[in-house]
Number of protein chains: 2
Amino acid sequence: MFCKIVNRRNFMFNNNFCAGHRSYSSIVSVIKRANIGEETEVKGWVKSLRVQKEHIFADVSDGSCAKKLQIVIPKHLKAEGLTYGSSVRILGKLSKSPRGQLELTAENVDVLGDCVVLDGYPFNPRTAHPPDYIRQYLHLRSRTNYISAILRIRNAVTKHIHSYFENQNYLLIHTPILTSNDCEGAGEVFKVLPDNKDTIKAMMQQDKQADNVYFGSKTFLTVSGQLHLEAMCRGLGNVYTLGPTFRAENSKSRLHLSEFYMLEAELAFCDSLEKLQSSIEGLIKYIFIETRNSNEDDLYLIDKEKNKPPSWLEKKFVTMTYREAKDILFKKGLADSDDGINKEQELALVEHCNGIPVFVIRWPKEQKSFYMKECDDNKMVEALDLLAPITGEIVGGSLREDNYKKLKLKLPSEALNWYLELRKFGNIPTGGFGLGLERLLQVLCNVSNIKDTLPFPRWPHNCEM
Amino acid sequence: MFCKIVNRRNFMFNNNFCAGHRSYSSIVSVIKRANIGEETEVKGWVKSLRVQKEHIFADVSDGSCAKKLQIVIPKHLKAEGLTYGSSVRILGKLSKSPRGQLELTAENVDVLGDCVVLDGYPFNPRTAHPPDYIRQYLHLRSRTNYISAILRIRNAVTKHIHSYFENQNYLLIHTPILTSNDCEGAGEVFKVLPDNKDTIKAMMQQDKQADNVYFGSKTFLTVSGQLHLEAMCRGLGNVYTLGPTFRAENSKSRLHLSEFYMLEAELAFCDSLEKLQSSIEGLIKYIFIETRNSNEDDLYLIDKEKNKPPSWLEKKFVTMTYREAKDILFKKGLADSDDGINKEQELALVEHCNGIPVFVIRWPKEQKSFYMKECDDNKMVEALDLLAPITGEIVGGSLREDNYKKLKLKLPSEALNWYLELRKFGNIPTGGFGLGLERLLQVLCNVSNIKDTLPFPRWPHNCEM
């Protein structure tokens with residue numbers, strides 16, 4: 001065994017490779033240790049400055065946590081260019097303020113990069129700029145409280161998702177971005193081809209169109225990794241993926257992006273919607289509880305007022321059939337046809353359930369995809385949508401058609417013969433779901449516009465940088 | 001604090017949401033617990049069968065680990081369709097074989113899905129099919145020992161990468177896949193546009209070309225998230241990303257893919273190549289050591305012969321300048337121009353260093369990208385390549401030009417003014433690197449063809465499914 005050769009823990013933490021490149025401390029670790037009297041060096045950005053008689057007080061952040069470290073700078077040390085927004089290196093000693101707050105009394109202050117607000121810096125000290133304003137400066141907005149807090153939460157949520165699945169022996173699978181099939185059929189897809197005309201020319205064969213030359217078939221950006229996960233699930237058991245997916249829709253709504261992250265899981269040997277629902281409900285509650293513990297300060301930074309755990313966190317999610325949902329909507333005068341459930345209706349159903357997330361199960365088969373398992377009545381399919389406050393639909397899932405003959409009749413294209421063949425050899429029942437990461441972050445952080453839940457949002461007419 | 005409201009641990013592990021949908025046990029947990037006498041239910045696939053006088057012995061795998069569980073089936077229980085490749089549900093009691101091996105004595109056997117090899121199943125029992133053969137069946141190949149072991153290792157390596165960076169307070173950033181800039185300039189890029197002509201028609205404006213209509217500018221698949229990471233680094237400190245990147249090259253070599261995963265990190269306040277090197281070396285050794293501990297059985301499954309820790313794991317990586325490297329190559333008669341270092345030369349340099357990975361640092365600036373920091377001589381840049389056995393170049397990195405005026409002169413396009421502006425406000429020195437995940441897996445697992453290190457490889461003429 002290799003662990004006999006190298007003592008791992010010593011290797012990892014004493015060896016100067018792993019300690020990394022830093023001689024200074026991150027502010028999150030300084031605050032955690034709170035080691036009064038310790039000589040400490042920090043590096044970061046000045047978030048506010050207060051000049052008093054003998055001292056300057058600076059709040060410095062290095063992005064590693066929501067909290068700022070208060071620096072006390074004796075006036076004789078005041079460095080040239082020490083302003084709001086400047087980057088600094090501070091050497092000093094940790095102490096406690098008369099009010100018991102941790103602070104660093106500076107012995108040396110270096111300004112690394114100045115920040116002349118009048119030279120076009122879009123943010124001002126002590127100002128809560130509205131998200132729509134901040135969004136105009138994508139390259140600079142990670143410097144704001146609002147966006148930095150959301151991005152730290154996004155990092156934490158990603159981590160909690162991986163922990164949840166690791167605890168249950170799911171394998172992470174990197175499903176492909178480029179694909180020759182359009183999984184949902186319904187989705188508006190982006191097509192992909194080499195930009196270089198010479199490459200296309202060199203690869204051209206007689207019977208091919210330019211769109212097909214590079215890969216031999218027309219190639220799209222993925223709208224879902226589900227079909228690929230199903231292939232992996234039949235060799236590796238429970239699997240999941242978390243990665244970018246794409247829609248070429250002309251929508252600029254506060255709930256849509258052209259590029260967004262989707263968490264998809266495929267459950268081996270899953271033969272009932274109840275099991276699928278229990279897995280989804282467990283996952284969402286786990287993420288909320290873990291994130292409220294790991295990033296309480298960030299949630300507070302986003303919204304001091306609304307930073308409360310949602311009332312549904314200790315309740316069981318509601319389940320109703322599609323039929324029951326439509327009946328409720330008809331009675332409320334909110335539905336006049338049987339044509340699915342739209343966004344307004346989704347939110348009305350959640351409100352009807354006092355804001356508790358609702359599983360709507362068993363949908364008419366003509367409204368859903370070919371791969372969903374038919375119910376015994378042959379009219380409905382074993383599908384579910386989970387509706388949440390703020391965003392409406394947040395998860396879609398189903399049991400998969402595992403009957404080879406039935407699936408063969410419903411297969412939309414011969415190009416999917418590989419998918420059919422999965423059912424031919426050592427087949428198993430499976431079910432799975434897809435959860436929109438950005439929508440989950442909207443619900444978790446109370447963020448109205450989806451474009452603020454990821455670092456570089458892409459939507460129609462917007463793909464700068 | 002929310003942890004006062006809900007006892008997290010109880011919630012997570014006792015609550016039946018989180019235990020998930022399973023009433024049966026994963027084989028990895030059965031083997032780990034080895035709880036002799038326990039009533040146990042497992043589900044999986046039959047990997048081999050041996051019929052003896054009174055019993056049938058079946059090795060069953062559910063993909064959760066490299067090991068198979070031996071099932072002892074009394075002959076009177078033999079179920080219809082129990083063959084190599086079939087999927088089964090077994091209920092029984094755990095015991096130890098006369099040789100001390102854990103086995104499950106079956107009390108009930110259900111065949112869930114049969115597998116008729118003669119009906120076109122491409123794999124045979126007790127046969128080590130060559131990787132080139134297996135690769136023809138992408139949708140079925142996760143059922144082979146070779147590919148399932150590599151994919152479990154890929155899952156583990158991903159996990160260890162996240163741990164390494166989390167331990168050092170780096171934030172994971174999801175850099176965008178769609179971008180209007182071609183980071184390296186050199187790279188062959190894929191362009192992206194809506195497939196639906198009606199969408200393009202509806203969005204068309206007078207002065208636009210079809211390529212530009214949807215996003216307002218020509219849009220590509222990313223070749224690197226570096227520039228975006230640099231923007232995040234100036235608000236959040238140390239950051240990294242791990243995701244798909246793309247090259248539209250016409251190369252079918254054993255080292256190239258059209259879609260591959262890249263790990264990129266940007267180190268805040270990093271002002272020397274030594275610090276960058278120490279971080280890269282620490283990361284790679286951490287991944288190798290952790291994976292050799294977490295997935296020893298999988299490494300053995302891939303290659304019983306070569307499953308030894310590499311000799312360099314306890315040695316310091318070699319460092320040489322580009323000049324020194326060229327001198328070595330000239331002396332060996334392997335270089336006749338000053339035009340970079342090609343693949344053959346890379347591997348010769350590693351061999352020259354007895355197979356220890358080599359950092360080649362300080363490159364002529366005309367060979368490298370505009371954003372790299374110039375050395376004091378104004379001829380070279382503070383760049384590095386890390387060369388490894390099997391693959392040659394495995395990491396590329398540099399310090400970034402942090403001088404606003406110098407960068408302005410070198411900026412290839414006005415579209416990158418946002419990148420220049422990062423240096424204008426609260427600027428800091430940074431450095432970073434990119435590591436090819438698939439190439440790392442080649443070195444770690446001793447896999448000759450990069451197409452076997454990920455579930456669905458894409459290369460010229462190959463994007464089926």
# chains A, B, ... in the order shown; residues from 1 in each chain; ligands from 1

$ residues_around --residues "segment 152-167 of chain B" --least-positions-apart "3" --cutoff "10 Å" --atoms "only C-alpha atoms" --output "VMD selection string"
(chain A and resid 12 to 13 18 to 20 155 to 156 159 162 to 163 166 170 to 174 236) or (chain B and resid 63 to 66 147 to 149 170 to 172 238 to 242 263 265 282 to 284 286 to 292 294 to 296 298 to 299 437 to 438 440 to 441 444 to 445 453 to 455)

$ residues_around --residues "Lys78 of chain B" --least-positions-apart "3" --cutoff "8 Å" --atoms "only C-alpha atoms" --output "VMD selection string"
chain B and resid 56 73 to 75 82 109

$ residues_around --residues "segment 196-209 of chain B" --least-positions-apart "3" --cutoff "8 Å" --atoms "only C-alpha atoms" --output "PyMOL selection string"
(chain A and resi 188-189+249-250) or (chain B and resi 212-214+216)

$ closest_residue --among "A:Asp327, A:Glu464, A:Asp271, A:Glu41" --to "chain B" --atoms "only C-alpha atoms"
A:Glu464

$ select_by_dssp --residues "segment 46-277 of chain A" --states "strand (DSSP E)" --output "ChimeraX atom specification"
/A:46-51,55-61,69-74,87-96,102-113,171-172,178-179,190-194,220-221,239-246,259-268

$ atom_distance --atom1 "atom CA of Asp132 of chain A" --atom2 "atom CA of Trp312 of chain A"
29.6 Å

$ residues_around --residues "segment 348-356 of chain B" --least-positions-apart "3" --cutoff "7 Å" --atoms "only C-alpha atoms" --output "PyMOL selection string"
chain B and resi 312+317-318+344-345+387-389

$ write_last_selection --atoms "C-alpha atoms" --output "compact mmCIF listing (two decimals), in the first residue's frame"
# COMPACT_ATOMS: atom_id res chain seq x y z
CA TRP B 312 9.23 10.67 -9.21
CA PHE B 317 10.44 18.12 -10.07
CA VAL B 318 13.27 19.35 -12.31
CA GLU B 344 9.19 14.34 -29.49
CA GLN B 345 11.49 16.89 -27.88
CA LEU B 387 6.45 18.09 -19.16
CA ALA B 388 5.52 14.59 -17.94
CA PRO B 389 6.17 11.04 -19.12

$ closest_atom_pairs --of "chain A" --to "chain B" --cutoff "6 Å" --atoms "only C-alpha atoms" --output "JSON lines"
{"residue": "A:Phe17", "atom": "CA", "partner": "B:Gly282", "partner_atom": "CA", "distance": 4.4}
{"residue": "A:Cys18", "atom": "CA", "partner": "B:Gly282", "partner_atom": "CA", "distance": 4.7}
{"residue": "A:Gly20", "atom": "CA", "partner": "B:Ser279", "partner_atom": "CA", "distance": 4.9}
{"residue": "A:His21", "atom": "CA", "partner": "B:Lys275", "partner_atom": "CA", "distance": 4.6}
{"residue": "A:Asp62", "atom": "CA", "partner": "B:Gly237", "partner_atom": "CA", "distance": 5.8}
{"residue": "A:Gly63", "atom": "CA", "partner": "B:Leu236", "partner_atom": "CA", "distance": 3.8}
{"residue": "A:Gly85", "atom": "CA", "partner": "B:Gly426", "partner_atom": "CA", "distance": 5.6}
{"residue": "A:Ser86", "atom": "CA", "partner": "B:Gly426", "partner_atom": "CA", "distance": 4.1}
{"residue": "A:Ser87", "atom": "CA", "partner": "B:Gly426", "partner_atom": "CA", "distance": 4.6}
{"residue": "A:Gly113", "atom": "CA", "partner": "B:Gly426", "partner_atom": "CA", "distance": 4.5}
{"residue": "A:Asp114", "atom": "CA", "partner": "B:Gly426", "partner_atom": "CA", "distance": 5.0}
{"residue": "A:Cys115", "atom": "CA", "partner": "B:Phe425", "partner_atom": "CA", "distance": 4.4}
{"residue": "A:His139", "atom": "CA", "partner": "B:Ala231", "partner_atom": "CA", "distance": 5.4}
{"residue": "A:Ser142", "atom": "CA", "partner": "B:Gly235", "partner_atom": "CA", "distance": 4.8}
{"residue": "A:Arg143", "atom": "CA", "partner": "B:Gly235", "partner_atom": "CA", "distance": 4.2}
{"residue": "A:Asn155", "atom": "CA", "partner": "B:Leu172", "partner_atom": "CA", "distance": 5.4}
{"residue": "A:Leu172", "atom": "CA", "partner": "B:Asn155", "partner_atom": "CA", "distance": 5.4}
{"residue": "A:Ser180", "atom": "CA", "partner": "B:Met465", "partner_atom": "CA", "distance": 5.7}
{"residue": "A:Val189", "atom": "CA", "partner": "B:Asp195", "partner_atom": "CA", "distance": 5.9}
{"residue": "A:Phe190", "atom": "CA", "partner": "B:Pro194", "partner_atom": "CA", "distance": 4.3}
{"residue": "A:Lys191", "atom": "CA", "partner": "B:Asp195", "partner_atom": "CA", "distance": 5.2}
{"residue": "A:Val192", "atom": "CA", "partner": "B:Val192", "partner_atom": "CA", "distance": 4.9}
{"residue": "A:Leu193", "atom": "CA", "partner": "B:Phe190", "partner_atom": "CA", "distance": 5.3}
{"residue": "A:Pro194", "atom": "CA", "partner": "B:Phe190", "partner_atom": "CA", "distance": 4.2}
{"residue": "A:Asp195", "atom": "CA", "partner": "B:Lys191", "partner_atom": "CA", "distance": 5.2}
{"residue": "A:Tyr214", "atom": "CA", "partner": "B:Pro460", "partner_atom": "CA", "distance": 5.7}
{"residue": "A:Phe215", "atom": "CA", "partner": "B:His461", "partner_atom": "CA", "distance": 3.9}
{"residue": "A:Gly216", "atom": "CA", "partner": "B:His461", "partner_atom": "CA", "distance": 4.6}
{"residue": "A:Ala231", "atom": "CA", "partner": "B:His139", "partner_atom": "CA", "distance": 5.5}
{"residue": "A:Met232", "atom": "CA", "partner": "B:Ser142", "partner_atom": "CA", "distance": 5.8}
{"residue": "A:Gly235", "atom": "CA", "partner": "B:Arg143", "partner_atom": "CA", "distance": 4.2}
{"residue": "A:Leu236", "atom": "CA", "partner": "B:Gly63", "partner_atom": "CA", "distance": 3.8}
{"residue": "A:Gly237", "atom": "CA", "partner": "B:Gly63", "partner_atom": "CA", "distance": 5.4}
{"residue": "A:Ala248", "atom": "CA", "partner": "B:Pro194", "partner_atom": "CA", "distance": 5.6}
{"residue": "A:Lys275", "atom": "CA", "partner": "B:His21", "partner_atom": "CA", "distance": 4.6}
{"residue": "A:Ser278", "atom": "CA", "partner": "B:Phe17", "partner_atom": "CA", "distance": 4.8}
{"residue": "A:Ser279", "atom": "CA", "partner": "B:Gly20", "partner_atom": "CA", "distance": 4.9}
{"residue": "A:Gly282", "atom": "CA", "partner": "B:Phe17", "partner_atom": "CA", "distance": 4.3}
{"residue": "A:Phe425", "atom": "CA", "partner": "B:Cys115", "partner_atom": "CA", "distance": 4.4}
{"residue": "A:Gly426", "atom": "CA", "partner": "B:Ser86", "partner_atom": "CA", "distance": 4.2}
{"residue": "A:Asn427", "atom": "CA", "partner": "B:Gly113", "partner_atom": "CA", "distance": 4.5}
{"residue": "A:Pro460", "atom": "CA", "partner": "B:Phe215", "partner_atom": "CA", "distance": 5.1}
{"residue": "A:His461", "atom": "CA", "partner": "B:Phe215", "partner_atom": "CA", "distance": 3.9}
{"residue": "A:Asn462", "atom": "CA", "partner": "B:Phe215", "partner_atom": "CA", "distance": 5.3}
{"residue": "A:Cys463", "atom": "CA", "partner": "B:Phe215", "partner_atom": "CA", "distance": 5.7}
{"residue": "A:Glu464", "atom": "CA", "partner": "B:Ser180", "partner_atom": "CA", "distance": 5.8}
{"residue": "A:Met465", "atom": "CA", "partner": "B:Ser180", "partner_atom": "CA", "distance": 5.7}

$ write_last_selection --atoms "C-alpha atoms" --output "CSV table (one decimal), in the first residue's frame"
chain,number,residue,atom,x,y,z
A,17,PHE,CA,4.5,22.3,-2.0
A,18,CYS,CA,1.1,22.0,-0.5
A,20,GLY,CA,1.0,26.6,-1.5
A,21,HIS,CA,2.5,29.8,-2.6
A,62,ASP,CA,-9.7,39.4,0.3
A,63,GLY,CA,-12.8,37.7,-1.0
A,85,GLY,CA,-11.0,50.1,-3.8
A,86,SER,CA,-7.2,50.0,-3.6
A,87,SER,CA,-5.3,46.7,-3.1
A,113,GLY,CA,-2.7,49.0,-6.8
A,114,ASP,CA,-4.5,52.3,-6.5
A,115,CYS,CA,-8.1,52.9,-7.4
A,139,HIS,CA,-15.7,42.1,-15.2
A,142,SER,CA,-17.1,40.2,-8.2
A,143,ARG,CA,-15.8,43.1,-6.1
A,155,ASN,CA,-19.1,27.4,-4.6
A,172,LEU,CA,-19.7,11.8,-11.0
A,180,SER,CA,-25.3,14.7,-32.3
A,189,VAL,CA,-30.5,24.0,-29.8
A,190,PHE,CA,-27.2,25.7,-30.8
A,191,LYS,CA,-25.2,24.1,-33.6
A,192,VAL,CA,-21.4,24.0,-33.5
A,193,LEU,CA,-18.9,24.1,-36.4
A,194,PRO,CA,-15.3,25.0,-36.8
A,195,ASP,CA,-14.8,28.8,-37.3
A,214,TYR,CA,-15.9,18.2,-38.9
A,215,PHE,CA,-17.7,15.6,-36.8
A,216,GLY,CA,-19.3,13.7,-39.7
A,231,ALA,CA,-25.7,4.5,-20.6
A,232,MET,CA,-23.3,4.9,-17.7
A,235,GLY,CA,-22.4,-0.2,-16.1
A,236,LEU,CA,-21.6,1.9,-13.0
A,237,GLY,CA,-24.8,2.0,-11.0
A,248,ALA,CA,-31.1,28.8,-28.0
A,275,LYS,CA,-38.2,6.7,-4.5
A,278,SER,CA,-37.5,11.0,-1.7
A,279,SER,CA,-34.1,11.4,-3.3
A,282,GLY,CA,-33.5,14.9,0.5
A,425,PHE,CA,-28.5,-6.4,-22.5
A,426,GLY,CA,-28.7,-6.8,-18.8
A,427,ASN,CA,-31.4,-4.1,-18.6
A,460,PRO,CA,-29.9,36.9,-26.2
A,461,HIS,CA,-27.7,39.9,-27.3
A,462,ASN,CA,-25.4,39.4,-24.3
A,463,CYS,CA,-22.2,37.4,-24.6
A,464,GLU,CA,-19.5,40.0,-24.2
A,465,MET,CA,-16.2,39.0,-22.8
